[in-house]
Structures are given as structure tokens and as C-alpha cells.
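A.B. asks: Take this structure first; my questions come after.
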Amino acid sequence: MIIEPRMRGFICLTAHPVGCEQSVKNQIEYVKSKGAIDGAKKVLVIGASTGFGLASRISSAFGSDAATIGVFFEKPPMAGKTASPGWYNSAAFEKEAHKAGLYAKSINGDAFSNEVKRETLDLIKADLGQVDLVIYSLASPVRTNPNTGVTHRSVLKPIGATFSNKTVDFHTGKVSEVSIEPCAGDDIENTIAVMGGEDWAMWIDALKAENLLAPGANTVAYSYIGPSVTEAVYRKGTIGRAKDHLEATAFEISDSLADINGKAYVSVNKALVTQASSAIPVIPLYISLLYKIMKAEGIHEGCIEQIQRLYQQRLFTGGEVPVDEKGRIRIDDWEMREDVQAQVAQLWEQATTENLAEIGDLEGYRKDFYNLFGFDLAGVDYKAEADEMVQVESIA
Ligand code: NAI
Ligand code: NA
């Protein structure tokens, strides 16, 4: 069928298999162009189908010739209805990995559940024996705790006071004032339950209990800090509490891995357009200004550039992994550069509907957003019929 983007609010209901494949191929080419990385060889990526997780899987496979197992939660296609983008990304990734002679298998299901953990442990046991790197890159609005059966929903709200600031509807370019009411009730606990470190620790405990972590194995989860304009809704809001919890969990996991000489890291990454970040008010305006400045400075990065740099210049240098005073790896260093932030803050004051297209990178934002769903990629013929029924090779 001919597949076009169909928007509803901040999400796109369709995805283009050929565009997603092109996007994956572009990322593979980028990693290859940067040379070999002396990294992990058997890698489990939890949240492997889009964003930073997909970039991690690609960096391991095509930077270090690693065998990868990817866990994700995506919608397969049905006749006449496209799959979710992460499904097509994973299909393309496996196809390319298999072509390159690399082991790659995937598990599609709820990573928070005992069943998917069981299935993953069994697959590692049968095929790889052990893994030496576990990337934890889930972004989800909801989690059912398998021990209690309670379903938690995360919220993106400030704590204590209403937050008002500018935001942009990136479809129309309209800049407006938005007010977000503070969280209430169990919002903080629920957000921590979904996006904090509890499930990460459960995964590592389960792997360790069955001796599936190789000596010296590392695990990495992703976090965000960001500027003062987004602080109330992000780092000092409910999601920030979850990130605090995630970061604290890294120390607990490291303690539990001491006997196998393993370590848990949190890497603080740059703000990027993903399905998750588009839904947070204020963030799209910040990102469109940030992109403009970082592109002008020649330091703009997407997920793949970020993770390739994380691997080559932080995790796998052969030396000590550089961390900040809180033990975190920082690949948001260029975003947080003082001169970059000073310029963004200045533009923030000026930004209006009339000038945003000029002072901000609204076009770049939109393009990245469309790219997430496989649209607007160079070299893809969107007028041609595309087969929506593309399958992930390892998933029956
Ligand atoms: P994403 O939405 O692109 O990827 C999320 C992944 O999790 C997908 O592979 C999805 O299939 C999987 N997933 C979601 N729920 C699942 C479930 N129940 N079971 C199995 N898989 C599930 O998100 P993104 O942006 O790559 O986020 C990954 C991490 O990076 C998050 O912790 C996020 O907070 C962090 N981060 C994101 C930044 C951004 O600007 N986008 C900046 C810094 C950190
Ligand atoms: Na991810």
C-alpha cells in the first residue's frame, strides 16, 4: 500500500517500513564510519527498538561485532495497517545484522513482566551462555509490577506549584503560554515505579541469579538533566524523581555485581526528539532552540552519534570510565556547555510564533519527528507501494 503519515495530536498513527529501514541503515553506516569499538561482544538491550536503545543495539553490533538480543514492546503489522516504527526498525536491524553474519534475536513483549524476563533468560542460556553488557533503555507511561500486580502510571508534572512557561505546537509553529498543575496523590510514587530503577534492578538480579552475567559485565541506563527552563517540569518534577531513583539504583546494582567485578552506570544523554519527549510541554520549544545553536556550533548529535560517542569515548576506551561528581557518565556535555545554554536562554526570551521559524530549528524538529516514523528520509520513494507486512526475522 501507499503509506502516508497520519497524525493525531503528538503521535503519528502510521509508520513507513522502507523509511524505517533507511533510517536504520543510515545509523549502521554512521557507526561503521567511526571505526571499530573494542566493546562488549554479547549484549542484551532492553528497549531496543527505537531511540537510544536502538542506537545502542546498532553501536554494539556494527561497532563491536556483538551478538545482540533486543527486547521491546511493539505492534506487528496487520493487513492494511502498519506496524509501529520500532517493529520496522527491528526488522531492518535483524536483516542487516544477519547479512553481516551477526547473531541477533528479538523478544517482543512487556519487559516489566516475569514472562518476558523468563523468556529472555532462557534465550541467553540457550544461545549466548552469558552477556557482558546490559543496556536498559525503556521509556513507558505505564508498568505493572509483577510482584504486586499493581499497575502504575507515570505523570509529567511539576511538584509543589503550578508551572507556567512558553511552549510550541511544532506542527503549527504556534508559541503559547502553558500552565501545568502540580502533581497530586501518589503521582510521584507511581512515576518512580514506572521510570525509576526498580525494574532495572529486577532484570540484573534475575540475570545474576542464573549466572548469565559474564565476569566484568556492565549495565547502563539512560537519564536526563537539562536546563533551568525545563527544570520544574523535568528534573525537579515527577520524572526527575524517577531519574533520581534510577541513578541511586546504579550504586545498588554495582554493589550487587562487585563479586563478578561488574558495574552499573547511568549515562546522562542529550535532549532529542523521540516519541516520549514530543509529548512533554515546553521541551519541544527548548529542543528547537537547542538544535539551532548546536547545529550552528557544529556539535549537533542524534541518538546514534550520542551512543557511538558513549561507547568509543566513555565506556570502551580501555581506561577508567569518566564520571561526574555523582558517578554519572555525561554525554550531555555539549548540550550543557555554558556558551550553548547562554545562547538558548537568550533565544528563549525572544521566541514568538512570528520569529521561531527563524531563530529556532522548527524544521529540524519536524524532520526528526517524521523520521521517527520512517517519513521524510532522503532516498525513499514515498509514492511507491510498500509492503506493510514486514516481519522481524527471529520472531515467529
Ligand atoms: P523511546 O520511546 O524511543 O524507546 C523506548 C523503548 O522502550 C522502545 O524500544 C520500546 O519498545 C520500549 N518499551 C517501552 N515499554 C516497554 C515495555 N513495557 N516492555 C518492553 N519494551 C518497552 O525512548 P528514548 O527516548 O530512547 O528513551 C530511552 C531512555 O532514554 C529513557 O530512560 C529516557 O528517559 C532516556 N533519555 C531520553 C532523552 C530524550 O531526549 N529522548 C534524553 C536523555 C535520556
Ligand atoms: Na530506547
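By order of appearance in the C-alpha cells: chains A, B, ..., then residues from 1 within every chain, and ligands from 1 in the order shown.
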Compile a residue-level contact table for chain A against ligand 2 at a cut-off of 9 Å, reporting for every qualifying residue the shortest atom pair and its distance in Å to one decimal, with only C-alpha atoms and all ligand atoms counted, rows ordered by chain and ascending number, as a Markdown table.

C.D. replies:
```
| residue | atom | partner | partner_atom_place_in_ligand_line | distance |
| --- | --- | --- | --- | --- |
| A:Val45 | CA | ligand 2 | 1 (Na) | 8.8 |
| A:Ile46 | CA | ligand 2 | 1 (Na) | 7.8 |
| A:Gly47 | CA | ligand 2 | 1 (Na) | 4.8 |
| A:Ala48 | CA | ligand 2 | 1 (Na) | 5.6 |
| A:Ser49 | CA | ligand 2 | 1 (Na) | 6.4 |
| A:Thr50 | CA | ligand 2 | 1 (Na) | 4.9 |
| A:Gly51 | CA | ligand 2 | 1 (Na) | 4.3 |
| A:Phe52 | CA | ligand 2 | 1 (Na) | 4.3 |
| A:Gly53 | CA | ligand 2 | 1 (Na) | 3.4 |
| A:Leu54 | CA | ligand 2 | 1 (Na) | 5.8 |
| A:Ala55 | CA | ligand 2 | 1 (Na) | 7.7 |
| A:Ser56 | CA | ligand 2 | 1 (Na) | 8.2 |
| A:Phe72 | CA | ligand 2 | 1 (Na) | 8.7 |
| A:Tyr136 | CA | ligand 2 | 1 (Na) | 8.1 |
| A:Ser137 | CA | ligand 2 | 1 (Na) | 4.5 |
| A:Leu138 | CA | ligand 2 | 1 (Na) | 5.6 |
| A:Ala139 | CA | ligand 2 | 1 (Na) | 6.7 |
| A:Tyr222 | CA | ligand 2 | 1 (Na) | 8.9 |
```

A.B. asks: Take the residues from that selection and put them in a file with C-alpha atoms, as a PDB file, in the first residue's frame.

C.D. replies:
```pdb
ATOM      1  CA  VAL A  45      19.337  -4.351  25.061  1.00  0.00           C
ATOM      2  CA  ILE A  46      16.074  -3.767  26.926  1.00  0.00           C
ATOM      3  CA  GLY A  47      14.128  -1.148  24.970  1.00  0.00           C
ATOM      4  CA  ALA A  48      15.999  -1.952  21.752  1.00  0.00           C
ATOM      5  CA  SER A  49      13.622  -0.840  19.011  1.00  0.00           C
ATOM      6  CA  THR A  50      13.716   2.971  18.942  1.00  0.00           C
ATOM      7  CA  GLY A  51      15.650   5.964  20.254  1.00  0.00           C
ATOM      8  CA  PHE A  52      18.705   5.431  22.437  1.00  0.00           C
ATOM      9  CA  GLY A  53      18.126   1.681  22.820  1.00  0.00           C
ATOM     10  CA  LEU A  54      18.112   1.060  19.069  1.00  0.00           C
ATOM     11  CA  ALA A  55      21.226   3.229  18.740  1.00  0.00           C
ATOM     12  CA  SER A  56      22.859   1.091  21.447  1.00  0.00           C
ATOM     13  CA  PHE A  72      10.904  -4.280  23.057  1.00  0.00           C
ATOM     14  CA  TYR A 136      18.418  -0.582  29.940  1.00  0.00           C
ATOM     15  CA  SER A 137      16.568   1.938  27.757  1.00  0.00           C
ATOM     16  CA  LEU A 138      12.853   1.637  28.458  1.00  0.00           C
ATOM     17  CA  ALA A 139      10.541   4.640  28.174  1.00  0.00           C
ATOM     18  CA  TYR A 222      19.906   6.429  30.469  1.00  0.00           C
TER      19      TYR A 222
END
```

A.B. asks: As JSON, numbers by chain, please: every residue in stretch 88-293 of chain A that DSSP puts in strand (DSSP E).

C.D. replies: {"A": [104, 105, 106, 107, 108, 131, 132, 133, 134, 135, 136, 142, 143, 144, 151, 152, 153, 163, 164, 165, 166, 167, 168, 169, 174, 175, 176, 177, 178, 179, 180, 213, 214, 215, 216, 217, 218, 219, 220, 221, 222, 223, 263, 264, 265, 266, 267, 268]}

A.B. asks: Sorted by chain and rising residue number, list the residues of stretch 82-167 of chain A at most 9 Å from stretch 272-281 of chain A (counting only C-alpha atoms), each with its closest atom pair and distance in Å to one decimal, as JSON lines.

C.D. replies:
```
{"residue": "A:Ala139", "atom": "CA", "partner": "A:Ala276", "partner_atom": "CA", "distance": 7.1}
{"residue": "A:Ser140", "atom": "CA", "partner": "A:Ala276", "partner_atom": "CA", "distance": 8.1}
{"residue": "A:Pro141", "atom": "CA", "partner": "A:Ala276", "partner_atom": "CA", "distance": 8.9}
{"residue": "A:Leu156", "atom": "CA", "partner": "A:Ile280", "partner_atom": "CA", "distance": 7.0}
{"residue": "A:Lys166", "atom": "CA", "partner": "A:Pro281", "partner_atom": "CA", "distance": 8.6}
{"residue": "A:Thr167", "atom": "CA", "partner": "A:Pro281", "partner_atom": "CA", "distance": 6.1}
```

A.B. asks: Could you please take those selected residues and save N, CA and C atoms as an mmCIF file, in the first residue's frame?

C.D. replies:
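After the write, out_21.cif holds the following:
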```cif
data_model
loop_
_atom_site.group_PDB
_atom_site.id
_atom_site.type_symbol
_atom_site.label_atom_id
_atom_site.label_comp_id
_atom_site.auth_asym_id
_atom_site.auth_seq_id
_atom_site.Cartn_x
_atom_site.Cartn_y
_atom_site.Cartn_z
ATOM 1 N N ALA A 139 11.320 3.426 27.906
ATOM 2 C CA ALA A 139 10.541 4.640 28.174
ATOM 3 C C ALA A 139 9.091 4.229 28.038
ATOM 4 N N SER A 140 8.373 4.289 29.128
ATOM 5 C CA SER A 140 6.992 3.805 29.116
ATOM 6 C C SER A 140 6.135 4.656 30.042
ATOM 7 N N PRO A 141 4.872 4.841 29.695
ATOM 8 C CA PRO A 141 3.990 5.591 30.599
ATOM 9 C C PRO A 141 3.358 4.713 31.677
ATOM 10 N N LEU A 156 3.933 13.531 33.973
ATOM 11 C CA LEU A 156 4.991 14.520 33.742
ATOM 12 C C LEU A 156 4.502 15.839 34.307
ATOM 13 N N LYS A 166 6.638 29.066 28.302
ATOM 14 C CA LYS A 166 6.327 29.004 26.880
ATOM 15 C C LYS A 166 6.382 27.575 26.378
ATOM 16 N N THR A 167 5.617 27.313 25.346
ATOM 17 C CA THR A 167 5.750 26.029 24.671
ATOM 18 C C THR A 167 5.438 26.253 23.200
#
```

A.B. asks: Would you return as a list of chain:residue names the members of stretch 15-59 of chain A that DSSP assigns to alpha helix (DSSP H) on this structure's backbone?

C.D. replies: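 Of stretch 15-59 of chain A, the ones in alpha helix (DSSP H) are A:Pro17, A:Val18, A:Gly19, A:Cys20, A:Glu21, A:Gln22, A:Ser23, A:Val24, A:Lys25, A:Asn26, A:Gln27, A:Ile28, A:Glu29, A:Tyr30, A:Val31, A:Lys32, A:Ser33, A:Gly51, A:Phe52, A:Gly53, A:Leu54, A:Ala55, A:Ser56, A:Arg57, A:Ile58, A:Ser59.
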
A.B. asks: Excluding stretch 211-214 of chain A and any residue of its chain fewer than 4 positions from it, enumerate the residues within 10 Å of it, using only C-alpha atoms, and give them as a ChimeraX atom specification.

C.D. replies: /A:42,121-122,124-125,128-134,204-207,218-219,257,260-262

A.B. asks: Next, the residues of the selection above should be written as a tab-separated table (two decimals), in the first residue's frame with C-alpha atoms.

C.D. replies:
```
chain	number	residue	atom	x	y	z
A	42	LYS	CA	27.31	-10.33	23.89
A	121	LEU	CA	16.97	-15.61	30.38
A	122	ASP	CA	16.20	-18.86	28.56
A	124	ILE	CA	20.59	-16.15	26.69
A	125	LYS	CA	21.17	-19.53	28.32
A	128	LEU	CA	24.89	-16.98	24.30
A	129	GLY	CA	25.66	-18.56	27.66
A	130	GLN	CA	26.24	-15.17	29.27
A	131	VAL	CA	26.07	-11.48	28.35
A	132	ASP	CA	28.73	-8.87	29.11
A	133	LEU	CA	26.65	-5.72	28.62
A	134	VAL	CA	23.03	-4.94	29.51
A	204	ILE	CA	20.03	-7.61	36.82
A	205	ASP	CA	19.08	-9.72	39.86
A	206	ALA	CA	17.37	-12.25	37.61
A	207	LEU	CA	20.33	-12.45	35.23
A	218	ASN	CA	28.48	-3.78	32.77
A	219	THR	CA	24.97	-2.41	32.69
A	257	LEU	CA	27.87	-7.02	40.99
A	260	ILE	CA	31.83	-10.61	39.43
A	261	ASN	CA	33.69	-7.32	39.02
A	262	GLY	CA	30.68	-5.83	37.24
```

A.B. asks: Would you mind listing what lies within 9 Å of A:Gln343 as a list in words, with only C-alpha atoms counted and same-chain residues fewer than 3 positions away left out?

C.D. replies: Leu289, Leu290, Ile293, Glu338, Asp339, Val340, Gln346, Leu347 and Trp348 of chain A

A.B. asks: Would you output that residue set with N, CA and C atoms, as a PDB file, in the first residue's frame?

C.D. replies:
```pdb
ATOM      1  N   LEU A 289      15.202  25.298  19.876  1.00  0.00           N
ATOM      2  CA  LEU A 289      16.225  26.343  20.061  1.00  0.00           C
ATOM      3  C   LEU A 289      17.613  25.713  20.231  1.00  0.00           C
ATOM      4  N   LEU A 290      17.653  24.640  20.997  1.00  0.00           N
ATOM      5  CA  LEU A 290      18.921  23.935  21.224  1.00  0.00           C
ATOM      6  C   LEU A 290      19.517  23.420  19.912  1.00  0.00           C
ATOM      7  N   ILE A 293      21.198  26.164  17.869  1.00  0.00           N
ATOM      8  CA  ILE A 293      22.506  26.568  18.386  1.00  0.00           C
ATOM      9  C   ILE A 293      23.542  25.467  18.161  1.00  0.00           C
ATOM     10  N   GLU A 338      28.332  25.935  28.715  1.00  0.00           N
ATOM     11  CA  GLU A 338      27.847  27.243  29.174  1.00  0.00           C
ATOM     12  C   GLU A 338      27.471  28.165  28.021  1.00  0.00           C
ATOM     13  N   ASP A 339      28.298  28.195  26.993  1.00  0.00           N
ATOM     14  CA  ASP A 339      28.005  29.104  25.871  1.00  0.00           C
ATOM     15  C   ASP A 339      26.751  28.677  25.128  1.00  0.00           C
ATOM     16  N   VAL A 340      26.533  27.353  25.015  1.00  0.00           N
ATOM     17  CA  VAL A 340      25.331  26.845  24.352  1.00  0.00           C
ATOM     18  C   VAL A 340      24.091  27.226  25.163  1.00  0.00           C
ATOM     19  N   GLN A 346      18.911  33.065  25.881  1.00  0.00           N
ATOM     20  CA  GLN A 346      18.633  34.346  25.228  1.00  0.00           C
ATOM     21  C   GLN A 346      17.516  34.191  24.185  1.00  0.00           C
ATOM     22  N   LEU A 347      17.610  33.143  23.388  1.00  0.00           N
ATOM     23  CA  LEU A 347      16.581  32.898  22.375  1.00  0.00           C
ATOM     24  C   LEU A 347      15.233  32.595  23.031  1.00  0.00           C
ATOM     25  N   TRP A 348      15.294  31.909  24.157  1.00  0.00           N
ATOM     26  CA  TRP A 348      14.068  31.552  24.872  1.00  0.00           C
ATOM     27  C   TRP A 348      13.253  32.810  25.178  1.00  0.00           C
TER      28      TRP A 348
END
```

A.B. asks: Neighbouring residues of stretch 96-104 of chain A were defined as those with any atom within 6 Å, considering only C-alpha atoms; residues of the same chain fewer than 5 positions away were excluded. Please report them as a ChimeraX atom specification.

C.D. replies: /A:67-69

A.B. asks: How many Å separate atom CA of A:Tyr88 from atom CA of A:Ile11?

C.D. replies: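 Atom CA of A:Ile11 lies at a distance of 16.7 Å from atom CA of A:Tyr88.
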
A.B. asks: Atom CA of A:Gln312 to atom CA of A:Tyr291: how many Å, to one decimal?

C.D. replies: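 Going from atom CA of A:Gln312 over to atom CA of A:Tyr291, I get 23.2 Å.
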
A.B. asks: What are the closest atom pairs, with distances in Å to one decimal, for all residues of stretch 54-78 of chain A lying within 12 Å of stretch 13-18 of chain A? Consider only C-alpha atoms, order rows by chain and residue number, and present the result as a tab-separated table.

C.D. replies:
```
residue	atom	partner	partner_atom	distance
A:Glu74	CA	A:Ala15	CA	11.8
A:Lys75	CA	A:Ala15	CA	10.8
A:Pro76	CA	A:Ala15	CA	11.1
A:Pro77	CA	A:Ala15	CA	9.9
A:Met78	CA	A:Thr14	CA	11.9
```

A.B. asks: Separation of atom CA of A:Ala193 and atom CA of A:Leu44, in Å?

C.D. replies: 22.2 Å

A.B. asks: Neighbouring residues of A:Glu305 were defined as those with any atom within 9 Å, considering only C-alpha atoms; residues of the same chain fewer than 5 positions away were excluded. Please report them as a list in words.

C.D. replies: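 Selected residues are Gln27, Tyr30, Val31, Ala55, His300 and Leu310 of chain A.
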
A.B. asks: Let's have the selection written as a short mmCIF file (atom, residue, chain, number, x, y, z; two decimals), in the first residue's frame, with N, CA and C atoms.

C.D. replies:
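result_5.cif written:
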```
data_model
loop_
_atom_site.label_atom_id
_atom_site.label_comp_id
_atom_site.auth_asym_id
_atom_site.auth_seq_id
_atom_site.Cartn_x
_atom_site.Cartn_y
_atom_site.Cartn_z
N GLN A 27 22.02 4.73 10.29
CA GLN A 27 22.68 4.63 11.60
C GLN A 27 23.81 3.61 11.57
N TYR A 30 26.75 5.15 9.85
CA TYR A 30 27.43 6.11 10.72
C TYR A 30 28.39 5.39 11.67
N VAL A 31 27.88 4.34 12.32
CA VAL A 31 28.72 3.61 13.28
C VAL A 31 29.95 3.01 12.59
N ALA A 55 19.87 2.73 19.03
CA ALA A 55 21.23 3.23 18.74
C ALA A 55 22.27 2.39 19.48
N HIS A 300 25.88 19.33 16.89
CA HIS A 300 24.59 18.65 16.99
C HIS A 300 24.80 17.13 16.89
N LEU A 310 29.32 7.61 23.36
CA LEU A 310 29.30 6.98 24.69
C LEU A 310 30.20 5.74 24.71
#
```

A.B. asks: Which residues are near A:Thr172? Cut-off 12 Å, only C-alpha atoms, ignore same chain within fewer than 3 positions. Put them as a PyMOL selection string.

C.D. replies: chain A and resi 9-10+167-169+175-176+353-354+356-357+362-363+366

A.B. asks: Mind dumping a table of every stretch 172-236 of chain A residue within 12 Å of stretch 149-155 of chain A, with the nearest atom pair and its distance in Å to one decimal, using only C-alpha atoms, sorted by chain and rising number, as JSON lines?

C.D. replies:
```
{"residue": "A:Ile180", "atom": "CA", "partner": "A:Val155", "partner_atom": "CA", "distance": 11.3}
{"residue": "A:Glu181", "atom": "CA", "partner": "A:Val155", "partner_atom": "CA", "distance": 11.2}
{"residue": "A:Pro182", "atom": "CA", "partner": "A:Val155", "partner_atom": "CA", "distance": 10.2}
{"residue": "A:Cys183", "atom": "CA", "partner": "A:Val155", "partner_atom": "CA", "distance": 7.8}
{"residue": "A:Ala184", "atom": "CA", "partner": "A:Val155", "partner_atom": "CA", "distance": 10.0}
{"residue": "A:Gly185", "atom": "CA", "partner": "A:Val155", "partner_atom": "CA", "distance": 11.4}
{"residue": "A:Asp186", "atom": "CA", "partner": "A:His152", "partner_atom": "CA", "distance": 9.5}
{"residue": "A:Asp187", "atom": "CA", "partner": "A:Val155", "partner_atom": "CA", "distance": 6.5}
{"residue": "A:Ile188", "atom": "CA", "partner": "A:Ser154", "partner_atom": "CA", "distance": 7.9}
{"residue": "A:Glu189", "atom": "CA", "partner": "A:His152", "partner_atom": "CA", "distance": 8.6}
{"residue": "A:Asn190", "atom": "CA", "partner": "A:His152", "partner_atom": "CA", "distance": 5.1}
{"residue": "A:Thr191", "atom": "CA", "partner": "A:Ser154", "partner_atom": "CA", "distance": 3.9}
{"residue": "A:Ile192", "atom": "CA", "partner": "A:Ser154", "partner_atom": "CA", "distance": 7.5}
{"residue": "A:Ala193", "atom": "CA", "partner": "A:His152", "partner_atom": "CA", "distance": 6.5}
{"residue": "A:Val194", "atom": "CA", "partner": "A:Ser154", "partner_atom": "CA", "distance": 6.0}
{"residue": "A:Met195", "atom": "CA", "partner": "A:Ser154", "partner_atom": "CA", "distance": 7.4}
{"residue": "A:Gly196", "atom": "CA", "partner": "A:Ser154", "partner_atom": "CA", "distance": 10.1}
{"residue": "A:Val233", "atom": "CA", "partner": "A:Val155", "partner_atom": "CA", "distance": 10.2}
{"residue": "A:Tyr234", "atom": "CA", "partner": "A:Val155", "partner_atom": "CA", "distance": 10.6}
```
